[in-house]
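Peer 1: So that you have it, the file is work.txt, and it contains compact mmCIF, C-alpha atoms:
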```txt
# COMPACT_ATOMS: atom_id res chain seq x y z
CA MET P 22 -13.36 -10.54 -0.81
CA ARG P 23 -10.64 -12.99 -1.74
CA ALA P 24 -11.75 -15.79 0.55
CA SER P 25 -13.41 -17.89 -2.15
CA LEU P 26 -10.45 -17.56 -4.50
CA ARG P 27 -8.09 -18.64 -1.73
CA GLU P 28 -10.40 -21.39 -0.52
CA GLU P 29 -10.59 -19.69 2.88
CA ARG P 30 -13.53 -19.46 5.23
CA HIS P 31 -15.83 -16.45 4.81
CA ASP P 32 -16.23 -14.35 7.93
CA LEU P 33 -19.71 -14.71 9.36
CA SER P 34 -20.27 -10.99 9.60
CA TYR P 35 -18.76 -7.79 8.32
CA VAL P 36 -19.07 -4.40 9.97
CA ALA P 37 -18.08 -1.39 7.88
CA ILE P 38 -16.33 1.28 9.96
CA SER P 39 -14.87 3.49 7.26
CA LYS P 40 -17.50 6.22 7.71
CA ILE P 41 -16.56 6.88 11.36
CA ALA P 42 -14.91 10.28 11.06
CA SER P 43 -12.54 9.95 14.02
CA LEU P 44 -11.03 6.80 12.53
CA ARG P 45 -10.04 8.78 9.45
CA GLU P 46 -8.11 11.52 11.25
CA LEU P 47 -4.36 11.97 10.93
CA SER P 48 -2.67 14.67 12.99
CA VAL P 49 0.98 15.63 13.35
CA GLY P 50 1.68 17.14 16.75
CA GLU P 51 4.89 18.23 18.44
CA ARG P 52 5.07 15.11 20.60
CA GLU P 53 3.22 12.52 18.61
CA VAL P 54 1.70 11.60 15.29
CA SER P 55 -1.81 10.20 15.63
CA ILE P 56 -3.17 8.06 12.80
CA GLY P 57 -6.77 6.80 12.84
CA ALA P 58 -7.28 3.15 12.02
CA CYS P 59 -9.04 3.91 8.72
CA VAL P 60 -6.40 6.25 7.34
CA THR P 61 -5.19 4.85 4.03
CA HIS P 62 -1.67 4.15 2.86
CA ALA P 63 -2.00 6.91 0.25
CA GLU P 64 -2.98 9.45 2.92
CA ILE P 65 -0.10 8.42 5.19
CA ALA P 66 2.41 8.68 2.36
CA ARG P 67 1.10 12.12 1.43
CA GLU P 68 0.85 13.56 4.94
CA LEU P 69 4.08 12.20 6.44
CA THR P 70 6.50 12.74 3.57
CA SER P 71 7.60 16.02 5.15
CA VAL P 72 7.86 14.60 8.69
CA PRO P 73 11.52 13.58 8.91
CA ASP P 74 11.32 11.31 11.96
CA CYS P 75 8.49 9.32 10.35
CA ARG P 76 10.28 8.77 7.08
CA ALA P 77 10.23 4.96 7.40
CA LEU P 78 6.46 5.01 7.70
CA ALA P 79 6.00 7.37 4.76
CA LEU P 80 8.26 5.19 2.62
CA ALA P 81 6.44 2.02 3.65
CA ALA P 82 3.04 3.53 2.91
CA GLY P 83 4.18 4.97 -0.41
CA ASP P 84 5.73 1.76 -1.74
CA ALA P 85 3.29 -0.89 -0.51
CA ALA P 86 1.25 -2.86 -3.05
CA ASN P 87 0.19 -0.57 -5.93
CA PRO P 88 -1.49 2.85 -6.23
CA ALA P 89 -5.06 1.54 -6.46
CA ILE P 90 -4.61 -0.61 -3.36
CA ARG P 91 -2.93 2.23 -1.45
CA GLN P 92 -6.05 4.35 -2.03
CA VAL P 93 -8.18 2.00 0.07
CA ALA P 94 -5.87 -0.16 2.23
CA THR P 95 -5.80 1.19 5.79
CA ILE P 96 -3.25 1.20 8.59
CA GLY P 97 -5.71 -0.61 10.86
CA GLY P 98 -6.24 -3.30 8.27
CA ASN P 99 -2.50 -3.73 7.81
CA LEU P 100 -2.01 -4.17 11.56
CA CYS P 101 -4.93 -6.54 12.05
CA ALA P 102 -4.23 -8.83 9.08
CA ALA P 103 -2.42 -11.40 11.20
CA ASN P 104 -1.97 -13.83 8.30
CA PHE P 105 -0.29 -11.22 6.11
CA ALA P 106 3.43 -11.64 6.73
CA ALA P 107 4.48 -9.10 4.07
CA ALA P 108 2.62 -6.11 5.54
CA ASP P 109 4.84 -3.05 4.94
CA LEU P 110 3.55 -0.77 7.65
CA VAL P 111 4.15 -3.18 10.52
CA PRO P 112 7.98 -3.27 10.51
CA ALA P 113 8.06 0.49 9.86
CA LEU P 114 5.85 1.11 12.88
CA LEU P 115 7.81 -1.36 15.01
CA CYS P 116 10.97 0.70 14.61
CA LEU P 117 9.18 3.98 15.38
CA ASP P 118 8.21 3.55 19.04
CA THR P 119 4.54 3.02 18.25
CA GLU P 120 1.56 2.41 20.49
CA ILE P 121 -1.86 1.11 19.56
CA GLU P 122 -5.01 2.56 21.09
CA LEU P 123 -7.74 -0.02 21.57
CA HIS P 124 -11.31 0.90 22.37
CA GLY P 125 -14.00 -1.28 23.87
CA LEU P 126 -16.98 -1.12 26.19
CA GLY P 127 -14.57 -0.94 29.12
CA GLY P 128 -12.86 2.17 27.77
CA ALA P 129 -9.61 2.83 25.97
CA GLU P 130 -6.10 1.54 26.51
CA GLN P 131 -2.78 2.09 24.79
CA ILE P 132 -0.38 -0.80 24.37
CA PRO P 133 2.99 -1.11 22.61
CA LEU P 134 2.73 -2.38 19.04
CA SER P 135 4.89 -5.40 19.84
CA ARG P 136 2.36 -6.42 22.51
CA PHE P 137 -0.54 -5.84 20.13
CA LEU P 138 1.05 -8.16 17.57
CA GLU P 139 1.23 -10.88 20.22
CA ILE P 140 -2.43 -10.65 21.23
CA ARG P 141 -4.14 -9.47 18.04
CA THR P 142 -5.63 -12.85 17.18
CA SER P 143 -6.94 -13.46 20.69
CA LEU P 144 -8.57 -10.11 21.49
CA ALA P 145 -12.05 -10.42 22.92
CA PRO P 146 -14.97 -9.37 20.69
CA GLY P 147 -15.95 -5.73 20.94
CA ARG P 148 -12.42 -4.36 20.82
CA LEU P 149 -11.50 -1.94 18.07
CA VAL P 150 -8.17 -0.49 17.00
CA ARG P 151 -8.96 3.21 17.13
CA ARG P 152 -5.63 4.85 16.33
CA VAL P 153 -1.90 4.40 16.03
CA ILE P 154 0.34 6.73 18.01
CA VAL P 155 3.91 7.37 16.88
CA ARG P 156 6.01 9.22 19.46
CA ARG P 157 8.19 11.92 17.95
CA THR P 158 11.94 11.82 18.63
CA PRO P 159 15.03 13.23 16.88
CA ARG P 160 15.58 9.86 15.17
CA ARG P 161 16.13 9.24 11.50
CA SER P 162 14.47 6.26 9.88
CA VAL P 163 14.37 4.32 6.63
CA HIS P 164 12.37 1.45 5.13
CA VAL P 165 13.73 -0.84 2.42
CA ARG P 166 12.06 -3.79 0.74
CA LEU P 167 12.69 -6.36 -1.94
CA PRO P 168 9.74 -7.28 -4.15
CA LEU P 169 10.35 -9.83 -6.90
CA ARG P 170 9.44 -7.22 -9.49
CA LYS P 171 10.68 -3.66 -9.14
CA ALA P 172 7.32 -2.71 -7.64
CA GLY P 173 3.74 -3.87 -7.41
CA ASP P 174 4.00 -7.17 -5.59
CA TYR P 175 4.62 -8.37 -2.07
CA PRO P 176 8.20 -8.01 -0.80
CA VAL P 177 10.11 -11.19 0.05
CA ALA P 178 11.95 -9.30 2.78
CA ILE P 179 11.54 -5.92 4.48
CA PHE P 180 13.92 -4.04 6.77
CA SER P 181 13.07 -0.90 8.74
CA LEU P 182 15.58 1.03 10.81
CA ALA P 183 15.39 4.03 13.13
CA VAL P 184 18.47 5.47 14.79
CA THR P 185 19.62 8.49 16.74
CA PHE P 186 23.16 9.84 16.54
CA ASP P 187 25.34 11.92 18.81
CA ALA P 188 27.21 14.96 17.53
CA ALA P 189 30.13 12.77 16.41
CA GLY P 190 27.86 10.58 14.29
CA VAL P 191 27.90 7.62 16.65
CA VAL P 192 24.66 5.65 16.94
CA THR P 193 23.14 6.24 20.38
CA SER P 194 19.94 4.25 19.88
CA ALA P 195 18.74 1.84 17.23
CA SER P 196 15.44 0.16 16.47
CA ALA P 197 15.51 -2.44 13.70
CA ALA P 198 12.58 -4.47 12.45
CA VAL P 199 12.27 -7.29 9.92
CA GLY P 200 9.15 -7.98 7.89
CA SER P 201 8.05 -10.73 5.52
CA VAL P 202 10.89 -13.01 6.65
CA GLU P 203 9.15 -14.65 9.60
CA ALA P 204 5.41 -15.28 9.83
CA ALA P 205 5.02 -11.87 11.51
CA ALA P 206 7.20 -8.79 11.58
CA ARG P 207 9.41 -8.36 14.64
CA ARG P 208 12.19 -6.29 16.14
CA TRP P 209 15.75 -7.50 15.55
CA HIS P 210 17.32 -6.74 18.92
CA GLU P 211 20.53 -8.67 18.20
CA LEU P 212 21.33 -6.37 15.29
CA GLU P 213 20.30 -3.25 17.20
CA ALA P 214 22.86 -4.04 19.91
CA GLU P 215 25.61 -4.32 17.30
CA LEU P 216 24.82 -0.91 15.80
CA ILE P 217 24.81 1.11 19.03
CA GLY P 218 28.11 2.73 19.92
CA HIS P 219 29.51 2.84 16.37
CA PRO P 220 29.12 5.13 13.38
CA LEU P 221 26.53 3.65 11.02
CA ASP P 222 28.76 1.89 8.49
CA PRO P 223 26.85 -0.01 5.76
CA ALA P 224 29.47 -2.78 5.45
CA HIS P 225 29.62 -3.27 9.21
CA ALA P 226 25.82 -3.32 9.48
CA ALA P 227 25.51 -5.89 6.67
CA GLU P 228 28.20 -8.07 8.21
CA LYS P 229 26.45 -8.05 11.57
CA ALA P 230 23.11 -8.73 9.90
CA GLU P 231 24.55 -11.78 8.16
CA HIS P 232 25.92 -13.01 11.48
CA HIS P 233 22.57 -12.62 13.25
CA CYS P 234 20.41 -14.07 10.47
CA ALA P 235 20.62 -17.30 12.42
CA THR P 236 18.31 -15.73 15.03
CA LEU P 237 15.48 -15.51 12.47
CA ARG P 238 13.16 -18.35 11.52
CA ALA P 239 12.43 -17.63 7.88
CA ARG P 240 9.20 -18.83 6.34
CA ASP P 241 8.84 -20.67 3.07
CA GLY P 242 6.28 -19.26 0.64
CA VAL P 243 5.17 -19.73 -2.94
CA GLU P 244 7.05 -16.60 -3.98
CA ALA P 245 10.33 -17.39 -2.19
CA PRO P 246 11.82 -20.02 0.11
CA GLY P 247 12.99 -19.10 3.58
CA TRP P 248 16.69 -19.38 2.77
CA TYR P 249 16.32 -16.77 0.03
CA ARG P 250 14.72 -14.27 2.40
CA LEU P 251 17.70 -14.64 4.74
CA LYS P 252 20.17 -14.44 1.87
CA VAL P 253 18.91 -11.03 0.73
CA LEU P 254 18.41 -9.55 4.18
CA PRO P 255 22.02 -8.38 4.81
CA ASN P 256 21.90 -6.46 1.54
CA LEU P 257 18.70 -4.76 2.61
CA VAL P 258 20.44 -3.77 5.84
CA ARG P 259 23.31 -2.36 3.78
CA LYS P 260 20.85 -0.42 1.62
CA ALA P 261 19.11 0.94 4.71
CA ALA P 262 22.41 2.13 6.19
CA ASN P 263 23.34 3.78 2.90
CA ALA P 264 19.94 5.47 2.68
CA MET P 265 20.37 6.71 6.24
CA ARG P 266 23.71 8.24 5.29
CA GLU P 267 22.11 10.00 2.35
CA GLN P 268 19.56 11.53 4.70
CA SER P 269 22.39 13.13 6.64
CA MET N 216 -31.07 -4.97 1.22
CA SER N 217 -30.41 -2.60 -1.67
CA VAL N 218 -27.42 -0.38 -2.30
CA ARG N 219 -27.74 3.09 -3.78
CA LEU N 220 -24.92 3.92 -6.12
CA LYS N 221 -23.99 6.79 -8.36
CA ILE N 222 -22.40 5.33 -11.48
CA ASN N 223 -21.23 7.46 -14.36
CA GLY N 224 -23.40 10.32 -13.15
CA GLU N 225 -26.58 8.26 -12.86
CA ASP N 226 -28.31 7.19 -9.65
CA ARG N 227 -28.61 3.40 -9.62
CA VAL N 228 -29.99 0.91 -7.13
CA SER N 229 -28.31 -2.46 -6.84
CA ALA N 230 -30.13 -5.49 -5.54
CA SER N 231 -26.87 -7.34 -4.96
CA ASP N 232 -25.51 -8.21 -1.55
CA PRO N 233 -23.55 -5.17 -0.24
CA LEU N 234 -20.52 -7.43 0.05
CA SER N 235 -20.57 -8.22 -3.67
CA PRO N 236 -17.44 -7.01 -5.40
CA LEU N 237 -18.20 -3.75 -7.17
CA VAL N 238 -16.81 -5.14 -10.43
CA ASP N 239 -19.47 -7.87 -10.44
CA VAL N 240 -22.26 -5.38 -9.78
CA LEU N 241 -21.01 -3.15 -12.59
CA ARG N 242 -20.76 -5.99 -15.07
CA ASP N 243 -23.55 -8.38 -14.16
CA GLU N 244 -26.22 -5.97 -12.98
CA PHE N 245 -25.56 -2.84 -15.01
CA PHE N 246 -23.81 -4.41 -18.01
CA LEU N 247 -20.84 -2.06 -17.77
CA THR N 248 -18.36 -4.66 -18.97
CA GLY N 249 -15.34 -2.42 -19.49
CA ALA N 250 -13.87 -3.27 -16.07
CA LYS N 251 -12.58 -6.86 -16.18
CA PRO N 252 -12.42 -9.28 -13.23
CA VAL N 253 -9.12 -10.98 -13.97
CA CYS N 254 -6.96 -11.70 -10.91
CA ARG N 255 -9.49 -10.70 -8.21
CA GLU N 256 -6.49 -10.06 -5.98
CA GLY N 257 -5.90 -6.36 -6.64
CA PHE N 258 -2.72 -7.08 -8.58
CA CYS N 259 -3.59 -6.78 -12.28
CA GLY N 260 -5.53 -3.52 -12.50
CA ALA N 261 -7.96 -4.72 -15.19
CA CYS N 262 -10.90 -3.87 -12.91
CA ILE N 263 -9.80 -0.36 -11.94
CA VAL N 264 -12.53 2.28 -11.80
CA LEU N 265 -12.57 5.78 -10.36
CA LEU N 266 -14.12 6.26 -6.93
CA ASP N 267 -14.49 9.97 -6.32
CA GLY N 268 -11.86 10.49 -8.98
CA ARG N 269 -9.30 8.10 -7.50
CA PRO N 270 -8.40 4.79 -9.13
CA VAL N 271 -9.41 1.76 -7.04
CA ALA N 272 -9.52 -1.99 -7.69
CA SER N 273 -13.22 -2.73 -8.02
CA CYS N 274 -12.64 -6.46 -7.46
CA LEU N 275 -11.76 -5.73 -3.82
CA MET N 276 -14.31 -2.97 -3.24
CA PRO N 277 -17.55 -4.18 -1.62
CA ALA N 278 -20.43 -2.55 -3.47
CA GLY N 279 -21.85 -1.37 -0.15
CA LEU N 280 -18.76 0.73 0.52
CA ALA N 281 -19.21 2.50 -2.82
CA ALA N 282 -22.58 3.89 -1.71
CA ASN N 283 -22.63 7.69 -1.63
CA HIS N 284 -19.47 7.87 -3.71
CA GLU N 285 -19.12 8.73 -7.40
CA VAL N 286 -18.17 5.70 -9.45
CA CYS N 287 -16.78 6.34 -12.92
CA THR N 288 -16.05 3.47 -15.30
CA VAL N 289 -14.15 3.41 -18.56
CA GLU N 290 -17.46 3.74 -20.41
CA ALA N 291 -17.84 7.32 -19.15
CA LEU N 292 -14.38 8.73 -19.80
CA ALA N 293 -15.72 10.48 -22.88
CA PRO N 294 -19.18 11.54 -24.12
CA GLU N 295 -21.04 8.70 -25.82
CA GLY N 296 -19.81 8.18 -29.36
CA ASP N 297 -16.71 10.29 -28.82
CA LEU N 298 -13.19 9.66 -27.52
CA SER N 299 -11.30 11.50 -24.82
CA PRO N 300 -8.00 13.11 -25.91
CA LEU N 301 -6.16 10.26 -24.17
CA GLN N 302 -8.24 7.58 -25.90
CA ARG N 303 -7.67 9.33 -29.22
CA ALA N 304 -3.92 9.47 -28.66
CA LEU N 305 -3.76 5.77 -27.82
CA GLU N 306 -5.76 4.91 -30.91
CA GLN N 307 -3.70 7.17 -33.17
CA HIS N 308 -0.46 5.60 -31.90
CA ASP N 309 -1.94 2.14 -32.50
CA VAL N 310 -1.06 0.88 -29.03
CA VAL N 311 -4.33 -0.91 -28.22
CA GLN N 312 -3.84 -4.66 -28.34
CA CYS N 313 -5.90 -7.43 -26.75
CA GLY N 314 -8.07 -5.08 -24.69
CA MET N 315 -8.07 -7.04 -21.45
CA CYS N 316 -5.96 -4.59 -19.47
CA PHE N 317 -6.76 -1.50 -21.50
CA PRO N 318 -9.86 -0.22 -19.69
CA GLY N 319 -7.91 -0.24 -16.44
CA LEU N 320 -4.93 1.45 -18.07
CA LEU N 321 -7.18 4.16 -19.47
CA VAL N 322 -8.82 4.80 -16.12
CA THR N 323 -5.47 5.00 -14.32
CA LEU N 324 -3.93 7.30 -16.92
CA THR N 325 -7.02 9.53 -17.03
CA SER N 326 -6.76 10.00 -13.27
CA TYR N 327 -3.01 10.55 -13.56
CA PHE N 328 -3.41 13.36 -16.09
CA GLU N 329 -6.08 15.00 -13.96
CA GLN N 330 -3.84 15.05 -10.90
CA ALA N 331 -0.29 15.41 -12.20
CA GLU N 332 1.09 18.93 -12.20
CA ASN N 333 3.93 17.98 -14.53
CA PRO N 334 3.14 14.73 -16.37
CA ASN N 335 6.30 12.79 -17.12
CA ARG N 336 7.47 9.29 -17.95
CA VAL N 337 8.84 8.36 -14.53
CA ASP N 338 5.74 9.38 -12.60
CA MET N 339 3.51 7.76 -15.20
CA LYS N 340 5.33 4.45 -14.75
CA ALA N 341 4.84 4.72 -11.00
CA ALA N 342 1.14 5.40 -11.52
CA LEU N 343 0.87 2.28 -13.71
CA VAL N 344 2.56 -0.08 -11.24
CA GLY N 345 -0.78 -1.78 -10.60
CA ASN N 346 -1.76 -2.21 -14.27
CA VAL N 347 -0.34 -5.42 -15.68
CA CYS N 348 -0.17 -5.67 -19.48
CA ARG N 349 1.24 -8.79 -21.14
CA CYS N 350 1.05 -7.54 -24.75
CA THR N 351 2.52 -4.11 -25.18
CA GLY N 352 5.59 -3.72 -23.02
CA TYR N 353 4.20 -0.37 -21.86
CA GLU N 354 6.72 1.90 -23.57
CA ARG N 355 4.58 2.69 -26.61
CA ILE N 356 1.61 3.32 -24.34
CA LEU N 357 3.73 5.86 -22.47
CA ASP N 358 4.85 7.41 -25.76
CA ALA N 359 1.24 7.77 -26.84
CA ALA N 360 0.10 9.22 -23.51
CA LEU N 361 3.01 11.64 -23.34
CA SER N 362 2.20 12.89 -26.83
CA LEU N 363 -0.61 14.81 -25.13
CA VAL N 364 1.84 16.95 -23.21
CA GLN N 365 5.30 16.69 -24.76
CA PRO N 366 6.72 17.16 -28.23
CA ALA N 367 8.01 13.92 -29.82
CA GLY N 368 11.69 14.65 -29.14
CA ALA N 369 11.17 15.09 -25.39
CA ARG N 370 9.58 11.74 -24.59
```
Could you spell out this file's structure in structure tokens?
Peer 2:
Amino acid sequence: MRASLREERHDLSYVAISKIASLRELSVGEREVSIGACVTHAEIARELTSVPDCRALALAAGDAANPAIRQVATIGGNLCAANFAAADLVPALLCLDTEIELHGLGGAEQIPLSRFLEIRTSLAPGRLVRRVIVRRTPRRSVHVRLPLRKAGDYPVAIFSLAVTFDAAGVVTSASAAVGSVEAAARRWHELEAELIGHPLDPAHAAEKAEHHCATLRARDGVEAPGWYRLKVLPNLVRKAANAMREQS
Amino acid sequence: MSVRLKINGEDRVSASDPLSPLVDVLRDEFFLTGAKPVCREGFCGACIVLLDGRPVASCLMPAGLAANHEVCTVEALAPEGDLSPLQRALEQHDVVQCGMCFPGLLVTLTSYFEQAENPNRVDMKAALVGNVCRCTGYERILDAALSLVQPAGAR
């Protein structure tokens, strides 16, 4: 709908799929959360707010864009919009051990989200994202973002974090993801390795984030240059660690 | 190819392409000019209408996807010739300025009051995140809207 305004090419065809009932289903099971491709941000925020291990996803869905957009923007659309670097749901899903179920004439297959992000622009015609599967674990997760206004615009940087702790409060596993900094969201394995084996200390996490910012290739955009995205990222990591503490 | 729509309680048939933005169909075909196409990016909120009671940006809604849903525009928030309690409060508090954003603000706030169990300033601000107003600074709009549910000292 915005192609003309952005001087982009119109797609040759458009197939509406929002009336397919199975694509609109969201279910919370003991082992997994299943989210149909046409489930909206508003529905995800509403349904997952009380699911503690999916908190990052609920926060991402509840803060993205603005209320009117959240009523219609879908999780499938967010995942398939390869040119949209500031998609909120993608880093949240990356840190939550997510798989994507694709359907086509040859049947269905489930692939890790990270793999889907690599191949999403080269999938053969006739393939459809049917649902998103989030495996349930005892993790805790958070999602923090920095829009230029307090809310209502695209974030210049996004950080999502999921961790598990042992009884002494030491991090036993960590999944960190960065959004809006590079052209596409991705896991931040260098930071994850620094967090495992220590209590989650906000100052320590921010210091390590600053050290490993050099591993990211930040993009320049009209709303912010790449250096600015990297400059604010350690503070987002600090905020995420603080928010994680508050959850406990 | 025609699109059957239900707009403000009336069955309508649009001859526009189903991919036409709903806001253009409302304005150009049915002369419902309350919704304004301003940013066409879903940021400003001037085009917000209710789709099955929920506020949506009609600039990004293909008319074809609105088929079989109830569309309500600012023109139908009150009976013809009358004002809704919210419209009356905004008028009485003299908070209406240039009018570009106001239809969208009214639609969003109408939906908010229908859904909120405990209307309050913080939640109302969150509901209005997608309604950009360059004239008013919002606070007096919130004062006026809250006058419907709170005594003056509690706003």
Peer 1: Do me a favour and pick out the residues of chain N within 7 Å of chain P, using all atoms listed in the file, as a VMD selection string.
Peer 2: chain N and resid 255 to 257 270 to 272 275 342 344 to 345
Peer 1: Taking C-alpha atoms for each residue, export the selection above as a short mmCIF file (atom, residue, chain, number, x, y, z; two decimals), in the coordinates of the input.
Peer 2:
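This is the output file out-v3.cif:
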```cif
data_model
loop_
_atom_site.label_atom_id
_atom_site.label_comp_id
_atom_site.auth_asym_id
_atom_site.auth_seq_id
_atom_site.Cartn_x
_atom_site.Cartn_y
_atom_site.Cartn_z
CA ARG N 255 -9.49 -10.70 -8.21
CA GLU N 256 -6.49 -10.06 -5.98
CA GLY N 257 -5.90 -6.36 -6.64
CA PRO N 270 -8.40 4.79 -9.13
CA VAL N 271 -9.41 1.76 -7.04
CA ALA N 272 -9.52 -1.99 -7.69
CA LEU N 275 -11.76 -5.73 -3.82
CA ALA N 342 1.14 5.40 -11.52
CA VAL N 344 2.56 -0.08 -11.24
CA GLY N 345 -0.78 -1.78 -10.60
#
```
Peer 1: Which is closer to P:Leu114 than all the others in P:Arg170, P:Lys229, P:Lys252, P:Arg207, using only C-alpha atoms?
Peer 2: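 Of all the options, P:Arg207 lies closest to P:Leu114.
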Peer 1: Which residue out of P:Cys101, P:Ala204, P:Val258, P:Ala24 has the minimum interatomic distance to P:Leu237 when only C-alpha atoms are used?
Peer 2: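 Nearest to P:Leu237: P:Ala204.
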Peer 1: Skipping near chain neighbours, those fewer than 3 positions away, what residues fall within 12 Å of P:Cys234 using all atoms listed in the file, listed as a short mmCIF file (atom, residue, chain, number, x, y, z; two decimals) with C-alpha atoms, in the frame of the given file?
Peer 2:
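The result, written out as selection09.cif:
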```cif
data_model
loop_
_atom_site.label_atom_id
_atom_site.label_comp_id
_atom_site.auth_asym_id
_atom_site.auth_seq_id
_atom_site.Cartn_x
_atom_site.Cartn_y
_atom_site.Cartn_z
CA VAL P 199 12.27 -7.29 9.92
CA VAL P 202 10.89 -13.01 6.65
CA GLU P 203 9.15 -14.65 9.60
CA TRP P 209 15.75 -7.50 15.55
CA HIS P 210 17.32 -6.74 18.92
CA GLU P 211 20.53 -8.67 18.20
CA LEU P 212 21.33 -6.37 15.29
CA ALA P 227 25.51 -5.89 6.67
CA GLU P 228 28.20 -8.07 8.21
CA LYS P 229 26.45 -8.05 11.57
CA ALA P 230 23.11 -8.73 9.90
CA GLU P 231 24.55 -11.78 8.16
CA LEU P 237 15.48 -15.51 12.47
CA ARG P 238 13.16 -18.35 11.52
CA ALA P 239 12.43 -17.63 7.88
CA GLY P 247 12.99 -19.10 3.58
CA TRP P 248 16.69 -19.38 2.77
CA TYR P 249 16.32 -16.77 0.03
CA ARG P 250 14.72 -14.27 2.40
CA LEU P 251 17.70 -14.64 4.74
CA LYS P 252 20.17 -14.44 1.87
CA VAL P 253 18.91 -11.03 0.73
CA LEU P 254 18.41 -9.55 4.18
CA PRO P 255 22.02 -8.38 4.81
CA ASN P 256 21.90 -6.46 1.54
CA VAL P 258 20.44 -3.77 5.84
#
```
Peer 1: Would you compute the distance between atom CA of P:Leu144 and atom CA of P:Arg240? Give it in Å to one decimal.
Peer 2: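 Distance between the two atoms: 24.9 Å.
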Peer 1: Using only C-alpha atoms, can you tell me which of N:Leu265, N:Ala281, N:Val238, N:Cys259 comes closest to N:Val347?
Peer 2: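 Of N:Leu265, N:Ala281, N:Val238, N:Cys259, the one nearest N:Val347 is N:Cys259, counting only C-alpha atoms.
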Peer 1: In Å, rounded to a single decimal, give me how far atom CA of P:Pro73 is from atom CA of P:Arg157.
Peer 2: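 According to the coordinates, atom CA of P:Arg157 and atom CA of P:Pro73 are separated by 9.8 Å.
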Peer 1: Between atom CA of P:Cys75 and atom CA of P:Pro168, measure the distance and give it in Å to one decimal.
Peer 2: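 For atom CA of P:Cys75 relative to atom CA of P:Pro168, the distance reads 22.1 Å.
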Peer 1: P:Gly83, P:His219, P:Arg161, P:Pro176: which is nearest P:Ala189, counting only C-alpha atoms?
Peer 2: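 Going through P:Gly83, P:His219, P:Arg161, P:Pro176 one by one, the smallest distance to P:Ala189 is for P:His219.
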Peer 1: Pull the neighbourhood of (-33.4, -1.8, 0.7) for me: all residues within 12 Å in file coordinates, counting only C-alpha atoms, as a CSV table (one decimal) with C-alpha atoms, in the frame of the given file.
Peer 2:
```csv
chain,number,residue,atom,x,y,z
N,216,MET,CA,-31.1,-5.0,1.2
N,217,SER,CA,-30.4,-2.6,-1.7
N,218,VAL,CA,-27.4,-0.4,-2.3
N,219,ARG,CA,-27.7,3.1,-3.8
N,228,VAL,CA,-30.0,0.9,-7.1
N,229,SER,CA,-28.3,-2.5,-6.8
N,230,ALA,CA,-30.1,-5.5,-5.5
N,231,SER,CA,-26.9,-7.3,-5.0
N,232,ASP,CA,-25.5,-8.2,-1.6
N,233,PRO,CA,-23.6,-5.2,-0.2
N,279,GLY,CA,-21.8,-1.4,-0.2
```
Peer 1: Tell me which of N:Cys254, N:Cys316, N:Asp226, N:Ala278 sits closest to N:Leu241, counting all atoms listed in the file.
Peer 2: N:Ala278
Peer 1: If we count only C-alpha atoms and set the cut-off at 10 Å, which residues sit around P:Arg67, ignoring sequence neighbours fewer than 6 positions away in its own chain? Please answer as a list in words.
Peer 2: Thr61, Ala79, Ala82 and Gly83 of chain P
Peer 1: Using all atoms listed in the file, pick whichever of N:Ala359, N:Pro318, N:Tyr353, N:Gln365 has the shortest atom-to-atom distance to N:Pro334.
Peer 2: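 Looking only at the distances to N:Pro334, the closest residue turns out to be N:Gln365.
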